[in-house]
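Take a look at the structure below.
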2 protein chains.
Amino acid sequence: MSDKPTTIKEIAKILKISVSTVSRALNDHSSIGLTTKMRVKKLASELNYEPNQKAIQFLHGKSLIIGVILPELSESFFSTAISGIEDIAYKRNYTVLLAQSHDDAEREKLLVEKMKTQRVDGLLVSVSKTTSTYEHFEIFKKLNIPVVFFDRIPPIKDIHYVASNLETGTYEAVNFLLKKGHRTIGMINGPNTLVASHERKEGYIKAMMSNRLKFDPSLIVSCDLSEAGTIEVMDTMLNHRRKPTAIVTFNDYVALFAIRYTRSLDLKGIDFVSYANLPIINYMDYTPIASVEQFPYKQGKKAADILIDLINKPKTESGAEQAYFNIVVESELVISQSK
Amino acid sequence: MSDKPTTIKEIAKILKISVSTVSRALNDHSSIGLTTKMRVKKLASELNYEPNQKAIQFLHGKSLIIGVILPELSESFFSTAISGIEDIAYKRNYTVLLAQSHDDAEREKLLVEKMKTQRVDGLLVSVSKTTSTYEHFEIFKKLNIPVVFFDRIPPIKDIHYVASNLETGTYEAVNFLLKKGHRTIGMINGPNTLVASHERKEGYIKAMMSNRLKFDPSLIVSCDLSEAGTIEVMDTMLNHRRKPTAIVTFNDYVALFAIRYTRSLDLKGIDFVSYANLPIINYMDYTPIASVEQFPYKQGKKAADILIDLINKPKTESGAEQAYFNIVVESELVISQSK
DNA sequence: GACGTACGGACAAACGTTTGCGCAGATTTA
DNA sequence: TAAATCTGCGCAAACGTTTGTCCGTACGTC
C-alpha cells in the first residue's frame, strides 16, 4: 500500500479491462464510454494514482525540463529573475534545472554539457562575464533545442534573447537630471565591450540632443566597475574642467563606491542616479536620488515564456526562415522617496 | 545527423552487434572483450552519444530529482542556500526542482502536491511563515520519500532537519563585546514565537553567565523587525537607566534601521553586532562591527547531502527504528574588516 | 575423445504510458 | 435485409536502457 506507487496496469487488472482503456479513460478520450470513465477515475483516485512522469517524458522524448544557467544565484538581480522564471515554468508544467557559472567561462561550458546530457528541452542563459567564445551553444542549435539568452547577451547573430533596453531608462534619467537644473552630467560607464554600456551612452546622448544641449564625450568615462576603478574615474571627473554636478553610475555598486568616495572628500551636492540591482539600497542613508529599474522578475517571466513557446513550436521546415525573438523590456526611471 | 540524438541501438546496428553488448561495453562490464569495448566507445564518441537519462531514470524508477521548496528565492539567505544545494545536487548527479512558496501556506501545499506528481526522489523544505499544519508532508513519509527540513523547522517530531544554532554565534558576539570593554549590552530580539529569538537570548545569557556578569532581562527587547518597531525599541533602549554601549540586533535590516536612527540623533559610540543576511552590508559606510554568520551556503550543501544520502540509503525494514538527522550548523562570529 | 571452464556476446524481458489499428456489436441508412 | 456507420474497447508496438539467462566457440585437462 505504502510501497510502490499505483500504476495504470494495476487499475486495469482490478477492473478487468485493458491498460489502454484505462489510459484513455483517464485522459478523457472520446472513444471511451461514460460509465467506464467513471469507474476508472473513481478507482484511480481511491488508489492515489499519479501518472509516472518519467515514463511519459521518456515516451514523448521530452524532459519537461528547462535548463537555466546564471552567473550568480545569490545576486539579487538574478535571484529575482529566477523567481520569475520559476513562476512561469511552474505554471506551464516545466521543471527548472538550475545551475550557476560563478562567472567562470570554463564552468559555464561544463554546465552546458551537463544540460545537454540531461536532455533539457530548452536552455535559458545569462552568459558569464568571462565567456568569450560561444561554440558550446552551437550544439543546441544542431540538436534543435532552443536557447534563449537573458540579460547578458552574447554578441552573435541569430539568437533569441530577452534583455532590458537601458537606453530608455538612461534617457529618462538624464532628462530628469536636466529638469532638475543640472547642466554638467557625468557618466561612469562600464567596459565598452558590453552592449549595456553602449545603450547607456546612447540614452545619455539622446537626452542631451533632445534638450538641444551639446554632448561632451569627455563626460562619459569607462570603468572596470571595481572600487579602485571607480575612485580613479571619479578623480578624473572631479578634476574635469567642467566638474559634473550630477553623475549617472553604471550600477549600484559603483554608485556606492562613488558616493562613499565623495563623502570621504567631504564633497556635497553631487546628485547620483544609478541602475537598480540592489534591494538593500533602499535601506541606506546616502543613496542615488533616482534609479533605472530593469524589472528582473518581469524579464525572467518573459524569457521563460518565450523559451517554452519555442519548445512547443512546430518544427520549422529546414530551409525556412527562422524568426528570432529579440525582446526588449524597457527600463524605467524610478525616483527615490525623498527622505 | 543533426536531428535526433544517437541511441545505443544505432551504434549496435552500425557495429553489427547487439544492443546489450553496446550497453555493457559502455559501462565497462567485465564480460565484454577489450577490442569490442574500444570499437564501441570510439564510435559512441564519434556520434556524440549521450545516454538518455529519461530512459534510465524511468527504468530504475528513480527521477534523480530533488524538490526544493523555499519561501522566497530572491532573499539573500535563501538564494545563497540554493546555491549550495545546487552545487551538491550537481556533484551527485541530481537535478533541482525549484519552487517558492512566497510564504504562503496554501501555495506551499500545492507545491508539495506538485512535487509528489513529479515524483521527486526527495524533498528539501524551508516552511513558509504561515504554515501551521503539516499533514501535507505526511504523504511523503508514506511513500518512503525522504524529506529534510531546512532552516525553518516545523515543530513536529521525527523529522530530518538542518538548521543553524544561533546560540553559539550569539554567545561569541556578546563575549566579543564584553572583551571590548562593553558592560551594558542591549539586544533587539525578534518575536518570541520564533525559535531563533530564543536561541539568541540563550546565547546572550550564557555569555553573561560565563563572564560572571549579572543578566539584566530588561536589556533584551522584542521587536517586530520593522523600521518603526526598531525605532521604538531603540527609544526604549536609549532611555534605559542603563544605556547600552553596544547592541546586538536581530538581523541586518534591524541593524541598518538602528544605526541610521542613532546617526540621525547624532549619537556616536554605540557598537552594533548583527546577523549576516545581506551581502551588501560590506559595501556600506556605517555597519555593524561584527556579524554572526549562519553559513547558508554551507547549510544548503549539508542539507542536500543528507537528503541524497537518505535517498540512497537501503530501505529500513519496517518496524526498525528510523534514525533522524538533526544537524545543527554552528553559527560563528565574523569581525568586520576595520576600515 | 569426453569433459569442464572460461570468454565474448546475443536474446529477451522489464520499466509505465500512449496511440494507431483492428474488431466486435449496436445502430442507422439505403 | 444488407450495407454502411458508429460506439466502445482490446491488442500490440514503441520509447532507450539495463540485466538475467543462455549459447556457442576455443582452450586446457584428464
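By order of appearance in the C-alpha cells: chains A, B, ..., then residues from 1 within every chain, and ligands from 1 in the order shown.
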Closest-contact table, chain B side, partner chain D, 12 Å, counting only C-alpha atoms (C1' of nucleotides), as a Markdown table:
| residue | atom | partner | partner_atom | distance |
| --- | --- | --- | --- | --- |
| B:Pro5 | CA | D:DG16 | C1' | 11.1 |
| B:Thr6 | CA | D:DG16 | C1' | 10.3 |
| B:Thr7 | CA | D:DG16 | C1' | 7.1 |
| B:Ile8 | CA | D:DG16 | C1' | 7.5 |
| B:Lys9 | CA | D:DG16 | C1' | 8.2 |
| B:Glu10 | CA | D:DG16 | C1' | 11.0 |
| B:Val19 | CA | D:DT17 | C1' | 9.1 |
| B:Ser20 | CA | D:DT18 | C1' | 8.0 |
| B:Thr21 | CA | D:DT18 | C1' | 10.9 |
| B:Val22 | CA | D:DT17 | C1' | 10.6 |
| B:Ser23 | CA | D:DT18 | C1' | 7.6 |
| B:Arg24 | CA | D:DT18 | C1' | 8.7 |
| B:Leu26 | CA | D:DT18 | C1' | 11.6 |
| B:Asn27 | CA | D:DT18 | C1' | 10.2 |
| B:His29 | CA | D:DT19 | C1' | 11.2 |
| B:Glu50 | CA | D:DG16 | C1' | 11.1 |
| B:Pro51 | CA | D:DT17 | C1' | 8.2 |
| B:Asn52 | CA | D:DG16 | C1' | 6.6 |
| B:Gln53 | CA | D:DG16 | C1' | 9.0 |
| B:Lys54 | CA | D:DG16 | C1' | 8.4 |
| B:Ala55 | CA | D:DG16 | C1' | 5.3 |
| B:Ile56 | CA | D:DT17 | C1' | 5.7 |
| B:Gln57 | CA | D:DT17 | C1' | 9.3 |
| B:Phe58 | CA | D:DT17 | C1' | 9.1 |
| B:Leu59 | CA | D:DT17 | C1' | 7.1 |
| B:His60 | CA | D:DT18 | C1' | 8.8 |
Residues as selected, N, CA and C atoms, written as a CSV table (one decimal), in the first residue's frame, can you do that?
chain,number,residue,atom,x,y,z
B,5,PRO,N,18.9,12.6,-31.2
B,5,PRO,CA,20.2,12.1,-30.6
B,5,PRO,C,20.5,10.7,-30.9
B,6,THR,N,21.7,10.4,-30.9
B,6,THR,CA,22.2,9.0,-31.1
B,6,THR,C,21.7,8.1,-30.0
B,7,THR,N,21.3,6.9,-30.4
B,7,THR,CA,20.9,5.9,-29.4
B,7,THR,C,21.9,4.7,-29.5
B,8,ILE,N,21.8,3.9,-28.4
B,8,ILE,CA,22.6,2.7,-28.3
B,8,ILE,C,22.2,1.7,-29.5
B,9,LYS,N,21.0,1.8,-29.9
B,9,LYS,CA,20.6,0.9,-30.9
B,9,LYS,C,21.3,1.2,-32.2
B,10,GLU,N,21.5,2.4,-32.6
B,10,GLU,CA,22.1,2.8,-33.8
B,10,GLU,C,23.6,2.3,-33.8
B,19,VAL,N,22.4,-4.8,-28.9
B,19,VAL,CA,22.3,-3.6,-28.0
B,19,VAL,C,22.9,-3.9,-26.7
B,20,SER,N,22.7,-5.0,-26.2
B,20,SER,CA,23.2,-5.3,-24.8
B,20,SER,C,24.7,-5.3,-24.8
B,21,THR,N,25.3,-5.7,-25.8
B,21,THR,CA,26.8,-5.7,-25.9
B,21,THR,C,27.2,-4.2,-25.8
B,22,VAL,N,26.6,-3.4,-26.6
B,22,VAL,CA,26.9,-2.0,-26.6
B,22,VAL,C,26.8,-1.4,-25.2
B,23,SER,N,25.7,-1.7,-24.6
B,23,SER,CA,25.4,-1.2,-23.3
B,23,SER,C,26.5,-1.6,-22.3
B,24,ARG,N,26.8,-2.9,-22.3
B,24,ARG,CA,27.8,-3.4,-21.4
B,24,ARG,C,29.2,-2.8,-21.7
B,26,LEU,N,29.9,0.1,-23.0
B,26,LEU,CA,29.9,1.5,-22.5
B,26,LEU,C,30.1,1.5,-21.0
B,27,ASN,N,29.5,0.5,-20.3
B,27,ASN,CA,29.5,0.5,-18.8
B,27,ASN,C,30.7,-0.3,-18.3
B,29,HIS,N,31.6,-3.4,-18.6
B,29,HIS,CA,31.2,-4.6,-18.0
B,29,HIS,C,32.3,-5.6,-18.3
B,50,GLU,N,25.0,10.3,-26.1
B,50,GLU,CA,24.7,10.6,-24.7
B,50,GLU,C,23.6,9.7,-24.3
B,51,PRO,N,23.8,9.0,-23.2
B,51,PRO,CA,22.7,8.1,-22.7
B,51,PRO,C,21.5,9.0,-22.4
B,52,ASN,N,20.4,8.4,-22.7
B,52,ASN,CA,19.1,9.1,-22.5
B,52,ASN,C,18.7,9.0,-21.0
B,53,GLN,N,18.9,10.0,-20.3
B,53,GLN,CA,18.7,10.0,-18.8
B,53,GLN,C,17.2,9.6,-18.5
B,54,LYS,N,16.3,10.1,-19.3
B,54,LYS,CA,14.9,9.8,-19.0
B,54,LYS,C,14.7,8.3,-19.1
B,55,ALA,N,15.2,7.6,-20.0
B,55,ALA,CA,15.0,6.2,-20.1
B,55,ALA,C,15.6,5.5,-18.9
B,56,ILE,N,16.8,5.9,-18.5
B,56,ILE,CA,17.5,5.3,-17.4
B,56,ILE,C,16.7,5.5,-16.1
B,57,GLN,N,16.3,6.8,-15.9
B,57,GLN,CA,15.5,7.1,-14.7
B,57,GLN,C,14.2,6.3,-14.7
B,58,PHE,N,13.6,6.2,-15.8
B,58,PHE,CA,12.4,5.5,-15.9
B,58,PHE,C,12.6,4.1,-15.6
B,59,LEU,N,13.6,3.5,-16.1
B,59,LEU,CA,13.9,2.1,-15.9
B,59,LEU,C,14.1,1.8,-14.4
B,60,HIS,N,14.8,2.7,-13.8
B,60,HIS,CA,15.2,2.5,-12.4
B,60,HIS,C,14.2,3.0,-11.4
**Request:** After a least-squares superposition of chain A onto chain B, with every Cα atom paired in order, give the RMSD to one decimal place.
**Result:**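 So the superposition leaves a C-alpha RMSD of 1.1 Å.
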**Request:** Please determine the contact residues of chain C with respect to chain B at a cut-off of 12 Å, counting only C-alpha atoms (C1' of nucleotides), and supply them as a ChimeraX atom specification.
**Result:** /C:6-12,14-17
For N, CA and C atoms (P, O5', C5', C4', C3', O3' and C1' of nucleotides), I'd like the residues from the last selection saved as a CSV table (one decimal), in the first residue's frame.
chain,number,residue,atom,x,y,z
C,6,DA,P,36.8,-21.4,-14.4
C,6,DA,O5',37.1,-19.9,-15.0
C,6,DA,C5',36.3,-19.5,-16.1
C,6,DA,C4',37.2,-19.2,-17.3
C,6,DA,C3',36.9,-17.8,-17.8
C,6,DA,O3',38.1,-17.1,-18.0
C,6,DA,C1',36.5,-19.5,-19.5
C,7,DC,P,38.0,-15.5,-18.0
C,7,DC,O5',37.5,-15.2,-19.5
C,7,DC,C5',38.2,-15.7,-20.6
C,7,DC,C4',37.4,-15.5,-21.8
C,7,DC,C3',36.7,-14.2,-22.0
C,7,DC,O3',37.3,-13.5,-23.2
C,7,DC,C1',35.2,-15.9,-22.5
C,8,DG,P,37.0,-12.0,-23.4
C,8,DG,O5',35.8,-12.0,-24.4
C,8,DG,C5',36.0,-12.7,-25.6
C,8,DG,C4',34.7,-12.7,-26.4
C,8,DG,C3',34.0,-11.3,-26.4
C,8,DG,O3',33.7,-10.9,-27.7
C,8,DG,C1',32.5,-13.0,-25.7
C,9,DG,P,33.1,-9.5,-28.0
C,9,DG,O5',31.5,-9.9,-28.0
C,9,DG,C5',31.2,-10.8,-29.0
C,9,DG,C4',29.8,-11.4,-28.7
C,9,DG,C3',28.7,-10.4,-28.7
C,9,DG,O3',27.9,-10.5,-29.9
C,9,DG,C1',28.4,-12.0,-27.0
C,10,DA,P,26.7,-9.6,-30.3
C,10,DA,O5',25.5,-10.5,-30.1
C,10,DA,C5',25.4,-11.8,-30.7
C,10,DA,C4',24.2,-12.5,-30.3
C,10,DA,C3',22.8,-11.8,-30.4
C,10,DA,O3',21.9,-12.7,-30.9
C,10,DA,C1',23.2,-12.4,-28.1
C,11,DC,P,20.5,-12.1,-31.5
C,11,DC,O5',19.4,-12.6,-30.5
C,11,DC,C5',19.8,-13.7,-29.5
C,11,DC,C4',18.6,-14.0,-28.6
C,11,DC,C3',17.3,-13.2,-28.8
C,11,DC,O3',16.2,-14.0,-28.6
C,11,DC,C1',18.2,-12.7,-26.7
C,12,DA,P,14.8,-13.5,-29.0
C,12,DA,O5',14.2,-13.1,-27.5
C,12,DA,C5',14.5,-13.9,-26.4
C,12,DA,C4',14.0,-13.2,-25.1
C,12,DA,C3',12.8,-12.3,-25.2
C,12,DA,O3',12.0,-12.5,-24.1
C,12,DA,C1',14.5,-11.0,-24.4
C,14,DA,P,8.6,-9.9,-18.1
C,14,DA,O5',8.9,-8.5,-17.4
C,14,DA,C5',10.1,-8.3,-16.6
C,14,DA,C4',10.5,-6.9,-16.5
C,14,DA,C3',9.3,-5.9,-16.6
C,14,DA,O3',9.1,-5.3,-15.3
C,14,DA,C1',11.1,-5.2,-18.0
C,15,DC,P,7.6,-4.7,-15.0
C,15,DC,O5',8.0,-3.2,-14.5
C,15,DC,C5',9.3,-2.8,-14.1
C,15,DC,C4',9.5,-1.4,-14.6
C,15,DC,C3',8.2,-0.6,-15.0
C,15,DC,O3',7.7,0.1,-13.9
C,15,DC,C1',10.0,-0.2,-16.6
C,16,DG,P,6.2,-0.1,-13.5
C,16,DG,O5',5.6,1.1,-14.5
C,16,DG,C5',5.9,2.4,-14.2
C,16,DG,C4',5.2,3.3,-15.2
C,16,DG,C3',3.7,3.1,-15.3
C,16,DG,O3',3.1,4.4,-15.3
C,16,DG,C1',4.7,2.8,-17.4
C,17,DT,P,1.6,4.7,-15.4
C,17,DT,O5',1.5,5.1,-16.9
C,17,DT,C5',2.3,6.3,-17.3
C,17,DT,C4',2.3,6.4,-18.8
C,17,DT,C3',0.9,6.5,-19.5
C,17,DT,O3',0.7,7.8,-19.8
C,17,DT,C1',2.5,5.1,-20.7
As a PDB file with N, CA and C atoms, in the first residue's frame, could you give me every residue of chain B near chain A (at most 6 Å apart, counting only C-alpha atoms)?
ATOM      1  N   SER B   2      21.876  15.790 -37.560  1.00  0.00           N
ATOM      2  CA  SER B   2      21.693  16.823 -36.540  1.00  0.00           C
ATOM      3  C   SER B   2      20.276  16.789 -35.982  1.00  0.00           C
ATOM      4  N   ASP B   3      19.622  15.655 -36.191  1.00  0.00           N
ATOM      5  CA  ASP B   3      18.231  15.607 -35.793  1.00  0.00           C
ATOM      6  C   ASP B   3      18.071  14.970 -34.412  1.00  0.00           C
ATOM      7  N   LYS B  54      16.323  10.078 -19.321  1.00  0.00           N
ATOM      8  CA  LYS B  54      14.913   9.792 -19.035  1.00  0.00           C
ATOM      9  C   LYS B  54      14.658   8.292 -19.050  1.00  0.00           C
ATOM     10  N   ALA B  55      15.243   7.638 -20.035  1.00  0.00           N
ATOM     11  CA  ALA B  55      15.044   6.202 -20.145  1.00  0.00           C
ATOM     12  C   ALA B  55      15.628   5.494 -18.929  1.00  0.00           C
ATOM     13  N   PHE B  58      13.621   6.241 -15.833  1.00  0.00           N
ATOM     14  CA  PHE B  58      12.359   5.524 -15.926  1.00  0.00           C
ATOM     15  C   PHE B  58      12.559   4.059 -15.585  1.00  0.00           C
ATOM     16  N   LEU B  73      12.840  33.055  -3.140  1.00  0.00           N
ATOM     17  CA  LEU B  73      14.111  32.844  -3.834  1.00  0.00           C
ATOM     18  C   LEU B  73      14.951  34.105  -3.904  1.00  0.00           C
ATOM     19  N   SER B  74      14.289  35.234  -3.828  1.00  0.00           N
ATOM     20  CA  SER B  74      15.060  36.462  -4.003  1.00  0.00           C
ATOM     21  C   SER B  74      15.669  36.951  -2.687  1.00  0.00           C
ATOM     22  N   SER B  79      18.773  32.429  -1.455  1.00  0.00           N
ATOM     23  CA  SER B  79      19.423  32.265  -2.756  1.00  0.00           C
ATOM     24  C   SER B  79      20.854  31.770  -2.572  1.00  0.00           C
ATOM     25  N   THR B  80      21.457  32.137  -1.450  1.00  0.00           N
ATOM     26  CA  THR B  80      22.783  31.593  -1.168  1.00  0.00           C
ATOM     27  C   THR B  80      22.671  30.111  -0.839  1.00  0.00           C
ATOM     28  N   VAL B  96      17.750  19.796  -9.506  1.00  0.00           N
ATOM     29  CA  VAL B  96      16.973  20.528  -8.516  1.00  0.00           C
ATOM     30  C   VAL B  96      15.673  21.019  -9.127  1.00  0.00           C
ATOM     31  N   LEU B  97      14.585  20.571  -8.563  1.00  0.00           N
ATOM     32  CA  LEU B  97      13.285  21.098  -8.952  1.00  0.00           C
ATOM     33  C   LEU B  97      12.931  22.178  -7.947  1.00  0.00           C
ATOM     34  N   LYS B 142       4.712   8.260   3.923  1.00  0.00           N
ATOM     35  CA  LYS B 142       4.022   7.047   3.479  1.00  0.00           C
ATOM     36  C   LYS B 142       4.655   6.485   2.218  1.00  0.00           C
ATOM     37  N   LEU B 143       5.056   7.379   1.341  1.00  0.00           N
ATOM     38  CA  LEU B 143       5.632   6.947   0.066  1.00  0.00           C
ATOM     39  C   LEU B 143       7.122   6.640   0.186  1.00  0.00           C
TER      40      LEU B 143
END
**Request:** Compile the contact shell of Ile231 (chain B) as a PyMOL selection string: residues with an atom at most 9 Å away, counting only C-alpha atoms (C1' of nucleotides), same-chain residues fewer than 3 positions apart removed.
**Result:** chain B and resi 226-228+234-236+257-258+261
**Message:** Could you pull out the strand (DSSP E) residues of region 89-295 of chain B, going by DSSP on the backbone, and write them as a ChimeraX atom specification?
**Reply:** /B:95-100,122-125,147-150,160-165,185-189,220-222,246-249,271-275,290-293
Please list as a short mmCIF file (atom, residue, chain, number, x, y, z; two decimals) with C-alpha atoms, in the first residue's frame every residue within 12 Å of region 130-137 of chain B, counting only C-alpha atoms (C1' of nucleotides) and excluding residues in the same chain fewer than 2 positions away.
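Written out: around-v8.cif:
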data_model
loop_
_atom_site.label_atom_id
_atom_site.label_comp_id
_atom_site.auth_asym_id
_atom_site.auth_seq_id
_atom_site.Cartn_x
_atom_site.Cartn_y
_atom_site.Cartn_z
CA PRO B 71 9.85 30.75 0.97
CA SER B 101 6.03 29.38 -1.57
CA HIS B 102 6.16 33.16 -1.18
CA ASP B 103 5.49 32.42 2.46
CA ASP B 104 2.00 31.30 1.60
CA ALA B 105 0.87 28.12 3.28
CA GLU B 106 -1.69 27.36 0.58
CA ARG B 107 0.80 27.67 -2.21
CA GLU B 108 3.21 25.54 -0.26
CA LYS B 109 0.64 22.79 -0.05
CA LEU B 110 0.11 22.95 -3.79
CA LEU B 111 3.81 22.79 -4.40
CA VAL B 112 4.16 19.74 -2.23
CA GLU B 113 1.44 18.13 -4.34
CA LYS B 114 3.29 19.09 -7.47
CA MET B 115 6.48 17.59 -6.15
CA LYS B 116 4.65 14.37 -5.48
CA GLY B 122 13.47 13.63 -2.04
CA LEU B 123 12.25 16.93 -0.74
CA LEU B 124 14.03 19.84 0.87
CA VAL B 125 11.78 22.34 2.56
CA SER B 126 12.03 25.56 4.40
CA VAL B 127 8.49 26.00 5.57
CA SER B 128 6.57 29.16 4.97
CA ILE B 139 2.25 11.69 2.39
CA PHE B 140 5.93 11.62 1.66
CA LYS B 141 6.59 9.53 4.69
CA LYS B 142 4.02 7.05 3.48
CA LEU B 143 5.63 6.95 0.07
CA ASN B 144 9.04 6.46 1.62
CA ILE B 145 10.32 9.68 0.09
CA PRO B 146 12.71 11.42 2.45
CA VAL B 147 12.02 14.99 3.49
CA VAL B 148 14.68 17.20 5.01
CA PHE B 149 13.68 20.45 6.61
CA ARG B 152 12.77 26.92 9.20
CA ILE B 153 11.92 23.80 11.11
CA PRO B 154 8.34 22.81 11.84
CA PRO B 155 7.61 21.99 15.46
CA ILE B 156 6.94 18.30 14.93
CA LYS B 157 8.77 15.16 15.91
CA ASP B 158 10.54 12.55 13.85
CA ILE B 159 11.85 14.69 11.06
#
**Request:** Could you check how far CA of Ile247 (chain B) sits from CA of Ser218 (chain B), in Å to one decimal?
**Result:**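 About the pair CA of Ile247 (chain B) and CA of Ser218 (chain B): they are 13.0 Å apart.
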